[in-house]
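With PDB, C-alpha atoms inside, this is final17.pdb:
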ATOM      1  CA  MET A 848      80.847  53.244 137.535
ATOM      2  CA  LEU A 849      81.388  52.186 133.942
ATOM      3  CA  ILE A 850      77.915  53.406 133.038
ATOM      4  CA  SER A 851      78.594  56.814 134.582
ATOM      5  CA  ILE A 852      81.820  57.162 132.621
ATOM      6  CA  LEU A 853      80.089  56.162 129.393
ATOM      7  CA  MET A 854      77.263  58.630 129.934
ATOM      8  CA  LEU A 855      79.565  61.506 130.841
ATOM      9  CA  SER A 856      81.950  60.969 127.946
ATOM     10  CA  GLY A 857      79.064  60.585 125.492
ATOM     11  CA  THR A 858      77.526  63.889 126.483
ATOM     12  CA  LEU A 859      80.975  65.470 126.493
ATOM     13  CA  PHE A 860      81.503  64.412 122.874
ATOM     14  CA  ILE A 861      78.161  65.935 121.889
ATOM     15  CA  LEU A 862      79.209  69.156 123.630
ATOM     16  CA  ILE A 863      82.508  69.109 121.726
ATOM     17  CA  ALA A 864      80.586  68.733 118.473
ATOM     18  CA  ALA A 865      78.492  71.790 119.306
ATOM     19  CA  LEU A 866      81.637  73.713 120.215
ATOM     20  CA  GLY A 867      83.146  72.758 116.866
ATOM     21  CA  LEU A 868      79.996  73.961 115.138
ATOM     22  CA  ILE A 869      80.660  77.387 116.621
ATOM     23  CA  ARG A 870      84.417  77.518 116.240
ATOM     24  CA  PHE A 871      85.219  76.251 112.740
ATOM     25  CA  LYS A 872      85.401  78.717 109.916
ATOM     26  CA  ASP A 873      83.649  77.117 106.945
ATOM     27  CA  LEU A 874      80.787  74.706 106.416
ATOM     28  CA  TYR A 875      82.812  71.632 105.461
ATOM     29  CA  SER A 876      84.931  71.790 108.609
ATOM     30  CA  ARG A 877      81.802  72.226 110.695
ATOM     31  CA  MET A 878      80.377  69.120 109.115
ATOM     32  CA  HIS A 879      83.523  67.202 110.036
ATOM     33  CA  ALA A 880      82.853  68.062 113.671
ATOM     34  CA  THR A 881      79.157  67.292 113.732
ATOM     35  CA  THR A 882      79.300  64.048 111.757
ATOM     36  CA  LYS A 883      82.049  62.313 113.678
ATOM     37  CA  ALA A 884      81.806  63.596 117.219
ATOM     38  CA  THR A 885      78.013  63.486 117.422
ATOM     39  CA  SER A 886      77.713  59.904 116.226
ATOM     40  CA  PHE A 887      80.493  58.785 118.547
ATOM     41  CA  GLY A 888      78.891  60.556 121.513
ATOM     42  CA  LEU A 889      75.524  58.994 120.783
ATOM     43  CA  LEU A 890      77.198  55.604 120.426
ATOM     44  CA  LEU A 891      78.735  55.909 123.890
ATOM     45  CA  LEU A 892      75.481  57.201 125.381
ATOM     46  CA  VAL A 893      73.343  54.447 123.862
ATOM     47  CA  VAL A 894      75.769  51.751 125.009
ATOM     48  CA  GLY A 895      75.769  53.207 128.524
ATOM     49  CA  VAL A 896      71.967  53.341 128.758
ATOM     50  CA  ALA A 897      71.636  49.824 127.338
ATOM     51  CA  LEU A 898      74.079  48.521 129.939
ATOM     52  CA  PHE A 899      72.036  50.281 132.626
ATOM     53  CA  PHE A 900      68.809  48.418 131.775
ATOM     54  CA  PHE A 901      70.479  45.233 130.466
ATOM     55  CA  THR A 902      67.513  43.283 129.142
ATOM     56  CA  GLY A 903      67.365  41.489 125.808
ATOM     57  CA  ILE A 904      64.953  43.798 124.013
ATOM     58  CA  VAL A 905      66.823  46.922 125.109
ATOM     59  CA  LEU A 906      70.127  45.521 123.887
ATOM     60  CA  LEU A 907      68.526  44.658 120.535
ATOM     61  CA  LYS A 908      67.118  48.168 120.205
ATOM     62  CA  ALA A 909      70.475  49.670 121.142
ATOM     63  CA  ILE A 910      72.220  47.700 118.396
ATOM     64  CA  LEU A 911      69.553  48.866 115.944
ATOM     65  CA  ILE A 912      69.971  52.517 116.945
ATOM     66  CA  VAL A 913      73.765  52.382 116.640
ATOM     67  CA  LEU A 914      73.607  50.665 113.244
ATOM     68  CA  PHE A 915      71.075  53.163 112.001
ATOM     69  CA  ILE A 916      73.060  56.180 113.187
ATOM     70  CA  TYR A 917      76.244  54.892 111.636
ATOM     71  CA  LEU A 918      74.571  54.134 108.324
ATOM     72  CA  THR A 919      72.764  57.456 108.033
ATOM     73  CA  ALA A 920      75.092  60.106 109.477
ATOM     74  CA  PRO A 921      77.606  59.991 106.563
ATOM     75  CA  LEU A 922      74.742  59.919 104.075
ATOM     76  CA  ALA A 923      73.173  63.048 105.526
ATOM     77  CA  ALA A 924      76.546  64.818 105.555
ATOM     78  CA  HIS A 925      77.177  63.765 101.950
ATOM     79  CA  SER A 926      73.778  65.078 100.896
ATOM     80  CA  ILE A 927      74.304  68.476 102.513
ATOM     81  CA  ALA A 928      77.849  68.740 101.146
ATOM     82  CA  ARG A 929      76.734  67.970  97.602
ATOM     83  CA  SER A 930      73.945  70.522  97.624
ATOM     84  CA  PHE A 931      76.271  73.146  99.106
ATOM     85  CA  ARG A 932      78.936  72.387  96.514
ATOM     86  CA  ASN A 933      76.450  72.777  93.664
ATOM     87  CA  GLU A 934      75.422  76.186  94.917
ATOM     88  CA  ASP A 935      79.004  77.235  95.544
ATOM     89  CA  GLN A 936      80.141  76.372  92.031
ATOM     90  CA  GLU A 937      77.158  78.071  90.467
ATOM     91  CA  SER A 938      77.811  81.310  92.300
ATOM     92  CA  ARG A 939      81.473  81.179  91.327
ATOM     93  CA  ASP A 940      80.825  80.822  87.613
TER      94      ASP A 940
ATOM     95  CA  MET B 134      71.761  44.801 136.884
ATOM     96  CA  GLU B 135      70.164  47.978 138.184
ATOM     97  CA  ALA B 136      73.257  49.986 138.864
ATOM     98  CA  ILE B 137      73.105  53.162 140.914
ATOM     99  CA  ILE B 138      74.050  56.338 139.102
ATOM    100  CA  PRO B 139      75.118  59.241 141.353
ATOM    101  CA  GLU B 140      73.044  62.390 141.110
ATOM    102  CA  THR B 141      76.117  64.430 140.225
ATOM    103  CA  VAL B 142      76.569  62.422 137.037
ATOM    104  CA  HIS B 143      72.989  63.089 136.014
ATOM    105  CA  TYR B 144      73.239  66.807 136.601
ATOM    106  CA  THR B 145      76.603  67.116 134.838
ATOM    107  CA  ALA B 146      75.399  65.192 131.808
ATOM    108  CA  PHE B 147      72.247  67.287 131.549
ATOM    109  CA  ALA B 148      74.335  70.446 131.870
ATOM    110  CA  PHE B 149      76.634  69.344 129.045
ATOM    111  CA  LEU B 150      73.684  68.671 126.776
ATOM    112  CA  LEU B 151      72.056  71.971 127.682
ATOM    113  CA  ILE B 152      75.209  73.933 126.807
ATOM    114  CA  ALA B 153      75.429  72.027 123.534
ATOM    115  CA  LEU B 154      71.807  72.916 122.792
ATOM    116  CA  VAL B 155      72.484  76.601 123.404
ATOM    117  CA  LEU B 156      75.533  76.549 121.115
ATOM    118  CA  ALA B 157      73.618  74.774 118.354
ATOM    119  CA  PHE B 158      70.812  77.311 118.696
ATOM    120  CA  PHE B 159      73.336  80.117 118.379
ATOM    121  CA  ARG B 160      74.596  78.674 115.085
ATOM    122  CA  LEU B 161      71.003  78.160 113.971
ATOM    123  CA  MET B 162      70.250  81.844 114.486
ATOM    124  CA  ARG B 163      73.259  83.407 112.809
ATOM    125  CA  GLY B 164      74.377  80.754 110.280
ATOM    126  CA  PRO B 165      75.507  82.547 107.113
ATOM    127  CA  THR B 166      73.891  80.079 104.696
ATOM    128  CA  ILE B 167      70.887  77.827 104.943
ATOM    129  CA  HIS B 168      73.158  74.765 104.931
ATOM    130  CA  ASP B 169      74.656  75.826 108.250
ATOM    131  CA  ARG B 170      71.143  75.906 109.617
ATOM    132  CA  ILE B 171      70.445  72.381 108.348
ATOM    133  CA  VAL B 172      73.593  71.102 110.064
ATOM    134  CA  ALA B 173      72.566  72.845 113.283
ATOM    135  CA  MET B 174      69.091  71.274 113.111
ATOM    136  CA  ASP B 175      70.662  67.849 112.631
ATOM    137  CA  LEU B 176      72.795  68.376 115.710
ATOM    138  CA  THR B 177      69.746  69.572 117.651
ATOM    139  CA  ALA B 178      67.913  66.330 116.876
ATOM    140  CA  SER B 179      70.881  64.360 118.201
ATOM    141  CA  ILE B 180      70.948  66.448 121.371
ATOM    142  CA  ILE B 181      67.237  65.833 121.952
ATOM    143  CA  MET B 182      67.906  62.114 121.537
ATOM    144  CA  GLY B 183      70.559  62.365 124.220
ATOM    145  CA  PHE B 184      68.118  64.165 126.522
ATOM    146  CA  ILE B 185      65.511  61.432 126.116
ATOM    147  CA  LEU B 186      68.033  58.659 126.761
ATOM    148  CA  LEU B 187      69.276  60.380 129.927
ATOM    149  CA  TYR B 188      65.704  60.956 131.081
ATOM    150  CA  SER B 189      64.882  57.279 130.620
ATOM    151  CA  VAL B 190      67.763  56.460 132.966
ATOM    152  CA  LEU B 191      66.527  59.060 135.457
ATOM    153  CA  ILE B 192      62.994  57.674 135.754
ATOM    154  CA  ARG B 193      64.004  54.038 135.061
ATOM    155  CA  LYS B 194      61.608  53.255 132.233
ATOM    156  CA  ALA B 195      63.031  51.341 129.280
ATOM    157  CA  PHE B 196      60.340  52.121 126.715
ATOM    158  CA  TYR B 197      61.823  55.546 126.022
ATOM    159  CA  PHE B 198      64.229  53.788 123.652
ATOM    160  CA  ASP B 199      61.488  53.681 120.999
ATOM    161  CA  ILE B 200      61.339  57.466 120.932
ATOM    162  CA  ALA B 201      65.081  57.591 120.264
ATOM    163  CA  ILE B 202      64.652  55.260 117.273
ATOM    164  CA  VAL B 203      61.847  57.388 115.856
ATOM    165  CA  ILE B 204      63.791  60.623 116.310
ATOM    166  CA  SER B 205      66.857  59.253 114.524
ATOM    167  CA  LEU B 206      64.649  58.129 111.608
ATOM    168  CA  ILE B 207      62.809  61.412 111.268
ATOM    169  CA  SER B 208      65.900  63.607 111.556
ATOM    170  CA  PHE B 209      67.666  61.682 108.787
ATOM    171  CA  MET B 210      64.657  61.923 106.493
ATOM    172  CA  GLY B 211      64.236  65.624 107.184
ATOM    173  CA  THR B 212      67.868  66.402 106.457
ATOM    174  CA  VAL B 213      67.916  64.497 103.172
ATOM    175  CA  ALA B 214      64.561  65.944 102.107
ATOM    176  CA  ILE B 215      65.587  69.559 102.701
ATOM    177  CA  SER B 216      68.975  69.250 101.021
ATOM    178  CA  THR B 217      67.465  67.453  98.005
ATOM    179  CA  TYR B 218      64.856  70.167  97.741
ATOM    180  CA  LEU B 219      67.557  72.842  97.807
ATOM    181  CA  ARG B 220      69.505  71.058  95.105
ATOM    182  CA  GLN B 221      66.556  70.693  92.759
ATOM    183  CA  LYS B 222      65.002  74.066  93.382
ATOM    184  CA  ARG B 223      67.137  75.900  90.860
TER     185      ARG B 223
ATOM    186  CA  MET C 371      87.662  27.287 104.085
ATOM    187  CA  LYS C 372      86.695  30.184 101.860
ATOM    188  CA  VAL C 373      83.830  31.167 104.156
ATOM    189  CA  LEU C 374      86.132  31.013 107.160
ATOM    190  CA  ARG C 375      88.627  33.327 105.510
ATOM    191  CA  LYS C 376      85.857  35.758 104.633
ATOM    192  CA  ILE C 377      84.554  35.807 108.208
ATOM    193  CA  TYR C 378      88.088  36.438 109.415
ATOM    194  CA  ALA C 379      88.429  39.351 106.999
ATOM    195  CA  ILE C 380      85.114  40.833 108.109
ATOM    196  CA  ILE C 381      86.060  40.655 111.787
ATOM    197  CA  GLY C 382      89.410  42.239 111.035
ATOM    198  CA  PHE C 383      87.657  45.007 109.129
ATOM    199  CA  LEU C 384      85.293  45.666 112.039
ATOM    200  CA  ILE C 385      88.172  45.994 114.487
ATOM    201  CA  TYR C 386      89.982  48.275 112.038
ATOM    202  CA  TYR C 387      86.831  50.410 111.744
ATOM    203  CA  LEU C 388      86.489  50.746 115.527
ATOM    204  CA  VAL C 389      90.141  51.688 116.009
ATOM    205  CA  LYS C 390      89.883  54.276 113.233
ATOM    206  CA  LEU C 391      86.726  55.643 114.820
ATOM    207  CA  VAL C 392      88.312  56.221 118.215
ATOM    208  CA  ILE C 393      91.415  57.794 116.669
ATOM    209  CA  ALA C 394      89.303  60.121 114.527
ATOM    210  CA  ASN C 395      87.252  61.308 117.451
ATOM    211  CA  VAL C 396      90.211  61.912 119.744
ATOM    212  CA  TYR C 397      91.888  63.846 116.929
ATOM    213  CA  ILE C 398      88.965  66.109 116.240
ATOM    214  CA  ALA C 399      88.137  66.607 119.925
ATOM    215  CA  TYR C 400      91.724  67.669 120.608
ATOM    216  CA  ASP C 401      91.588  70.055 117.686
ATOM    217  CA  ILE C 402      88.359  71.674 118.814
ATOM    218  CA  VAL C 403      89.228  72.014 122.487
ATOM    219  CA  THR C 404      92.721  73.507 122.140
ATOM    220  CA  PRO C 405      92.655  77.250 121.458
ATOM    221  CA  LYS C 406      94.941  77.254 118.452
ATOM    222  CA  MET C 407      93.538  75.387 115.472
ATOM    223  CA  HIS C 408      95.993  73.772 113.110
ATOM    224  CA  THR C 409      93.653  72.769 110.319
ATOM    225  CA  ARG C 410      94.263  73.458 106.649
ATOM    226  CA  PRO C 411      91.110  72.520 104.767
ATOM    227  CA  GLY C 412      91.257  71.639 101.104
ATOM    228  CA  PHE C 413      89.806  69.441  98.375
ATOM    229  CA  HIS C 414      91.299  66.325  96.813
ATOM    230  CA  ARG C 415      90.249  64.220  93.858
ATOM    231  CA  ILE C 416      91.161  60.579  94.423
ATOM    232  CA  PRO C 417      90.971  57.563  92.091
ATOM    233  CA  LEU C 418      88.535  54.754  92.871
ATOM    234  CA  ASN C 419      89.340  51.071  92.463
ATOM    235  CA  ILE C 420      86.079  49.761  93.876
ATOM    236  CA  GLN C 421      83.204  49.208  91.455
ATOM    237  CA  SER C 422      80.559  47.291  93.404
ATOM    238  CA  ARG C 423      77.765  49.214  95.102
ATOM    239  CA  THR C 424      78.190  47.607  98.519
ATOM    240  CA  GLY C 425      81.907  48.279  98.474
ATOM    241  CA  LEU C 426      81.322  51.872  97.506
ATOM    242  CA  LEU C 427      78.854  52.349 100.358
ATOM    243  CA  LEU C 428      81.260  50.808 102.866
ATOM    244  CA  PHE C 429      84.163  52.852 101.549
ATOM    245  CA  SER C 430      82.407  56.208 101.656
ATOM    246  CA  ASN C 431      81.008  55.401 105.082
ATOM    247  CA  LEU C 432      84.439  54.546 106.452
ATOM    248  CA  LEU C 433      85.999  57.563 104.775
ATOM    249  CA  SER C 434      83.465  59.906 106.322
ATOM    250  CA  MET C 435      84.225  58.499 109.749
ATOM    251  CA  THR C 436      88.028  58.460 109.607
ATOM    252  CA  PRO C 437      90.144  61.434 110.705
ATOM    253  CA  GLY C 438      89.754  64.502 108.573
ATOM    254  CA  THR C 439      88.104  63.236 105.416
ATOM    255  CA  LEU C 440      84.573  63.778 104.162
ATOM    256  CA  VAL C 441      83.081  62.545 100.899
ATOM    257  CA  VAL C 442      81.602  65.342  98.810
ATOM    258  CA  GLU C 443      80.946  63.888  95.370
ATOM    259  CA  ILE C 444      81.285  60.674  93.376
ATOM    260  CA  SER C 445      81.642  61.083  89.629
ATOM    261  CA  GLY C 446      79.011  59.485  87.430
ATOM    262  CA  ASP C 447      81.264  56.796  85.959
ATOM    263  CA  ARG C 448      82.583  55.730  89.394
ATOM    264  CA  LYS C 449      86.174  56.521  88.512
ATOM    265  CA  THR C 450      87.017  59.369  90.859
ATOM    266  CA  MET C 451      85.763  60.756  94.119
ATOM    267  CA  LEU C 452      85.981  64.295  95.465
ATOM    268  CA  ILE C 453      86.813  64.458  99.157
ATOM    269  CA  HIS C 454      87.305  67.305 101.592
ATOM    270  CA  VAL C 455      90.288  66.937 103.928
ATOM    271  CA  LEU C 456      90.896  68.793 107.161
ATOM    272  CA  TYR C 457      94.659  68.323 107.385
ATOM    273  CA  SER C 458      96.110  68.637 103.900
ATOM    274  CA  GLU C 459      99.781  68.623 104.869
ATOM    275  CA  ASN C 460     101.192  65.296 103.726
ATOM    276  CA  GLU C 461      99.347  64.257 100.636
ATOM    277  CA  LYS C 462     101.344  61.096 100.039
ATOM    278  CA  ARG C 463     100.441  59.534 103.371
ATOM    279  CA  LEU C 464      96.765  60.283 102.818
ATOM    280  CA  LEU C 465      96.781  58.604  99.409
ATOM    281  CA  GLY C 466      98.607  55.576 100.816
ATOM    282  CA  GLU C 467      96.056  55.245 103.593
ATOM    283  CA  ILE C 468      93.156  55.442 101.148
ATOM    284  CA  ASP C 469      94.719  52.759  98.949
ATOM    285  CA  LYS C 470      95.090  50.502 101.991
ATOM    286  CA  ILE C 471      91.426  50.902 102.904
ATOM    287  CA  GLN C 472      90.372  50.130  99.329
ATOM    288  CA  GLU C 473      92.443  46.933  99.353
ATOM    289  CA  LYS C 474      90.712  45.807 102.545
ATOM    290  CA  ILE C 475      87.240  46.496 101.179
ATOM    291  CA  ILE C 476      87.910  44.704  97.906
ATOM    292  CA  LYS C 477      89.032  41.700  99.920
ATOM    293  CA  ILE C 478      85.741  41.646 101.792
ATOM    294  CA  THR C 479      83.219  42.255  99.052
ATOM    295  CA  ARG C 480      84.695  39.889  96.515
TER     296      ARG C 480
END

Would you kindly transcribe this structure into structure tokens?
Amino acid sequence: MLISILMLSGTLFILIAALGLIRFKDLYSRMHATTKATSFGLLLLVVGVALFFFTGIVLLKAILIVLFIYLTAPLAAHSIARSFRNEDQESRD
Amino acid sequence: MEAIIPETVHYTAFAFLLIALVLAFFRLMRGPTIHDRIVAMDLTASIIMGFILLYSVLIRKAFYFDIAIVISLISFMGTVAISTYLRQKR
Amino acid sequence: MKVLRKIYAIIGFLIYYLVKLVIANVYIAYDIVTPKMHTRPGFHRIPLNIQSRTGLLLFSNLLSMTPGTLVVEISGDRKTMLIHVLYSENEKRLLGEIDKIQEKIIKITR
């Protein structure tokens, strides 16, 4: 029961992120949606799948995946934002 | 603890991910700038990860977790590489 | 005693991070799903008190995950930081929140 709820809400958050990617007006707002909602949805999904198998190695891998996602998602967003900002300022000058 | 997941949950979750994939593909096709396309590709990698995790629950094999780790690594490296290239191109 | 206090601070920070995470996601999900969007995007330049590299990483990570803020640029001398905010209505509350987070991180990394 708990696993079903976790899986459904995780995929729902990924769907919301994709919806935000369509609906927001400019790039920075779109990145707000994809960075936060996608990592949270994957977090829920990974926790649900790890609880489904529930062996030691799977739990260890799940912790690794979650740590890795949460360390890298803001870095990727920061990298894209900085390159976009450079281009934006150059075209404005 | 091999819990039983109802079939409805599987189908609904796959449907959610499929709709998300279609929306991301839409943004990938008509994104005004190349940065929109990079963001859409990043989201696509996450959606594929979700597909693989759900599939591993469907066929009950735990080794599909390794593929998820590899995909998260490669998508991060690809995103940073492309945006760094765009920044240094000029 | 010192180690114990540090562990306590780290656990408190983790719980704070998780609570912030859930709030941020509910916020943004509500904003995307409802038909009328009430976002007012804008840029802010905020002062930085943190100087250590680990603290800076933690701070920008937390800031990118909390409701409506995204780090865009850190100046070369680590004095200011340019952030993009989604709800730029009450500036004072935002600055107060950011100062609170910086206090917490300084307490941990010291």

Dig up all the protein and nucleic acid residues within 12 Å of (95.4, 58.5, 101.9) in the file frame, using only C-alpha atoms, and format them as a VMD selection string.
-> chain C and resid 414 to 418 433 436 to 439 453 to 455 457 to 472

Just to be explicit: take each residue in the selection above, keep C-alpha atoms, and write the result as an mmCIF file, keeping the file's coordinate frame.
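So again_26.cif came out as:
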data_model
loop_
_atom_site.group_PDB
_atom_site.id
_atom_site.type_symbol
_atom_site.label_atom_id
_atom_site.label_comp_id
_atom_site.auth_asym_id
_atom_site.auth_seq_id
_atom_site.Cartn_x
_atom_site.Cartn_y
_atom_site.Cartn_z
ATOM 1 C CA HIS C 414 91.299 66.325 96.813
ATOM 2 C CA ARG C 415 90.249 64.220 93.858
ATOM 3 C CA ILE C 416 91.161 60.579 94.423
ATOM 4 C CA PRO C 417 90.971 57.563 92.091
ATOM 5 C CA LEU C 418 88.535 54.754 92.871
ATOM 6 C CA LEU C 433 85.999 57.563 104.775
ATOM 7 C CA THR C 436 88.028 58.460 109.607
ATOM 8 C CA PRO C 437 90.144 61.434 110.705
ATOM 9 C CA GLY C 438 89.754 64.502 108.573
ATOM 10 C CA THR C 439 88.104 63.236 105.416
ATOM 11 C CA ILE C 453 86.813 64.458 99.157
ATOM 12 C CA HIS C 454 87.305 67.305 101.592
ATOM 13 C CA VAL C 455 90.288 66.937 103.928
ATOM 14 C CA TYR C 457 94.659 68.323 107.385
ATOM 15 C CA SER C 458 96.110 68.637 103.900
ATOM 16 C CA GLU C 459 99.781 68.623 104.869
ATOM 17 C CA ASN C 460 101.192 65.296 103.726
ATOM 18 C CA GLU C 461 99.347 64.257 100.636
ATOM 19 C CA LYS C 462 101.344 61.096 100.039
ATOM 20 C CA ARG C 463 100.441 59.534 103.371
ATOM 21 C CA LEU C 464 96.765 60.283 102.818
ATOM 22 C CA LEU C 465 96.781 58.604 99.409
ATOM 23 C CA GLY C 466 98.607 55.576 100.816
ATOM 24 C CA GLU C 467 96.056 55.245 103.593
ATOM 25 C CA ILE C 468 93.156 55.442 101.148
ATOM 26 C CA ASP C 469 94.719 52.759 98.949
ATOM 27 C CA LYS C 470 95.090 50.502 101.991
ATOM 28 C CA ILE C 471 91.426 50.902 102.904
ATOM 29 C CA GLN C 472 90.372 50.130 99.329
#

Could you state the separation of atom CA of Ala880 of chain A and atom CA of Val896 of chain A in Å, given to one decimal place?
-> 23.7 Å

Write out as a ChimeraX atom specification every residue belonging to chain C that has an atom at most 7 Å from any atom of chain A, counting only C-alpha atoms.
-> /C:395,398-399,402,431,434-435,438,440-443,456

May I have a table of the residues of chain B lying at most 9 Å from chain A, giving each one's closest pair of atoms and their distance in Å to one decimal, counting all atoms listed in the file, ordered by chain and ascending residue number, as a tab-separated table?
residue	atom	partner	partner_atom	distance
B:Met134	CA	A:Phe901	CA	6.6
B:Glu135	CA	A:Phe899	CA	6.3
B:Ala136	CA	A:Phe899	CA	6.4
B:Ile137	CA	A:Met848	CA	8.4
B:Ile138	CA	A:Ser851	CA	6.4
B:Pro139	CA	A:Ser851	CA	8.0
B:Val142	CA	A:Ser851	CA	6.4
B:His143	CA	A:Leu855	CA	8.5
B:Thr145	CA	A:Leu855	CA	7.5
B:Ala146	CA	A:Leu855	CA	5.6
B:Phe147	CA	A:Thr858	CA	8.1
B:Phe149	CA	A:Leu862	CA	6.0
B:Leu150	CA	A:Thr858	CA	6.1
B:Leu151	CA	A:Leu862	CA	8.7
B:Ile152	CA	A:Leu862	CA	7.0
B:Ala153	CA	A:Leu862	CA	4.7
B:Leu154	CA	A:Ala865	CA	7.6
B:Val155	CA	A:Ala865	CA	8.7
B:Leu156	CA	A:Ala865	CA	5.9
B:Ala157	CA	A:Ala865	CA	5.8
B:Phe159	CA	A:Ile869	CA	8.0
B:Arg160	CA	A:Ile869	CA	6.4
B:Thr166	CA	A:Leu874	CA	8.9
B:His168	CA	A:Phe931	CA	6.8
B:Asp169	CA	A:Leu874	CA	6.5
B:Ile171	CA	A:Ile927	CA	8.0
B:Val172	CA	A:Met878	CA	7.1
B:Ala173	CA	A:Leu868	CA	7.7
B:Asp175	CA	A:Thr881	CA	8.6
B:Leu176	CA	A:Thr881	CA	6.8
B:Ser179	CA	A:Thr885	CA	7.2
B:Ile180	CA	A:Ile861	CA	7.2
B:Met182	CA	A:Leu889	CA	8.3
B:Gly183	CA	A:Leu889	CA	6.9
B:Leu186	CA	A:Val896	CA	6.9
B:Leu187	CA	A:Val896	CA	7.6
B:Ser189	CA	A:Val896	CA	8.3
B:Val190	CA	A:Val896	CA	6.7
B:Arg193	CA	A:Phe900	CA	8.1
B:Lys194	CA	A:Phe900	CA	8.7
B:Ala195	CA	A:Phe900	CA	6.9
B:Phe196	CA	A:Val905	CA	8.5
B:Phe198	CA	A:Lys908	CA	7.2
B:Asp199	CA	A:Lys908	CA	7.9
B:Ala201	CA	A:Ile912	CA	7.8
B:Ile202	CA	A:Ile912	CA	6.0
B:Ser205	CA	A:Ile916	CA	7.1
B:Leu206	CA	A:Phe915	CA	8.1
B:Phe209	CA	A:Ala923	CA	6.5
B:Met210	CA	A:Ala923	CA	8.6
B:Thr212	CA	A:Ala923	CA	6.3
B:Val213	CA	A:Ala923	CA	5.9
B:Ile215	CA	A:Ile927	CA	8.8
B:Ser216	CA	A:Ile927	CA	5.6
B:Thr217	CA	A:Ser930	CA	7.2
B:Leu219	CA	A:Ser930	CA	6.8
B:Arg220	CA	A:Ser930	CA	5.1
B:Gln221	CA	A:Ser930	CA	8.8

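Atom pair atom CA of Glu140 of chain B / atom CA of Leu853 of chain A has a distance of 15.0 Å (rounded to one decimal).
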
Assuming the input is short of atoms at segment 903-914 of chain A, produce N, CA and C atoms for that part as a PDB file, in the coordinates of the input.
ATOM      1  N   GLY A 903      67.131  41.900 127.182  1.00  0.00           N
ATOM      2  CA  GLY A 903      67.365  41.489 125.808  1.00  0.00           C
ATOM      3  C   GLY A 903      66.833  42.478 124.799  1.00  0.00           C
ATOM      4  N   ILE A 904      65.584  42.927 125.013  1.00  0.00           N
ATOM      5  CA  ILE A 904      64.953  43.798 124.013  1.00  0.00           C
ATOM      6  C   ILE A 904      65.666  45.137 123.949  1.00  0.00           C
ATOM      7  N   VAL A 905      66.134  45.632 125.110  1.00  0.00           N
ATOM      8  CA  VAL A 905      66.823  46.922 125.109  1.00  0.00           C
ATOM      9  C   VAL A 905      68.155  46.805 124.383  1.00  0.00           C
ATOM     10  N   LEU A 906      68.848  45.693 124.588  1.00  0.00           N
ATOM     11  CA  LEU A 906      70.127  45.521 123.887  1.00  0.00           C
ATOM     12  C   LEU A 906      69.902  45.462 122.378  1.00  0.00           C
ATOM     13  N   LEU A 907      68.830  44.752 121.966  1.00  0.00           N
ATOM     14  CA  LEU A 907      68.526  44.658 120.535  1.00  0.00           C
ATOM     15  C   LEU A 907      68.242  46.046 119.953  1.00  0.00           C
ATOM     16  N   LYS A 908      67.430  46.825 120.688  1.00  0.00           N
ATOM     17  CA  LYS A 908      67.118  48.168 120.205  1.00  0.00           C
ATOM     18  C   LYS A 908      68.358  49.039 120.162  1.00  0.00           C
ATOM     19  N   ALA A 909      69.251  48.860 121.132  1.00  0.00           N
ATOM     20  CA  ALA A 909      70.475  49.670 121.142  1.00  0.00           C
ATOM     21  C   ALA A 909      71.322  49.360 119.920  1.00  0.00           C
ATOM     22  N   ILE A 910      71.437  48.058 119.586  1.00  0.00           N
ATOM     23  CA  ILE A 910      72.220  47.700 118.396  1.00  0.00           C
ATOM     24  C   ILE A 910      71.588  48.306 117.147  1.00  0.00           C
ATOM     25  N   LEU A 911      70.235  48.287 117.100  1.00  0.00           N
ATOM     26  CA  LEU A 911      69.553  48.866 115.944  1.00  0.00           C
ATOM     27  C   LEU A 911      69.826  50.360 115.840  1.00  0.00           C
ATOM     28  N   ILE A 912      69.741  51.069 116.983  1.00  0.00           N
ATOM     29  CA  ILE A 912      69.971  52.517 116.945  1.00  0.00           C
ATOM     30  C   ILE A 912      71.382  52.824 116.467  1.00  0.00           C
ATOM     31  N   VAL A 913      72.372  52.095 117.012  1.00  0.00           N
ATOM     32  CA  VAL A 913      73.765  52.382 116.640  1.00  0.00           C
ATOM     33  C   VAL A 913      73.993  52.110 115.163  1.00  0.00           C
ATOM     34  N   LEU A 914      73.457  50.976 114.669  1.00  0.00           N
ATOM     35  CA  LEU A 914      73.607  50.665 113.244  1.00  0.00           C
ATOM     36  C   LEU A 914      72.975  51.751 112.393  1.00  0.00           C
TER      37      LEU A 914
END
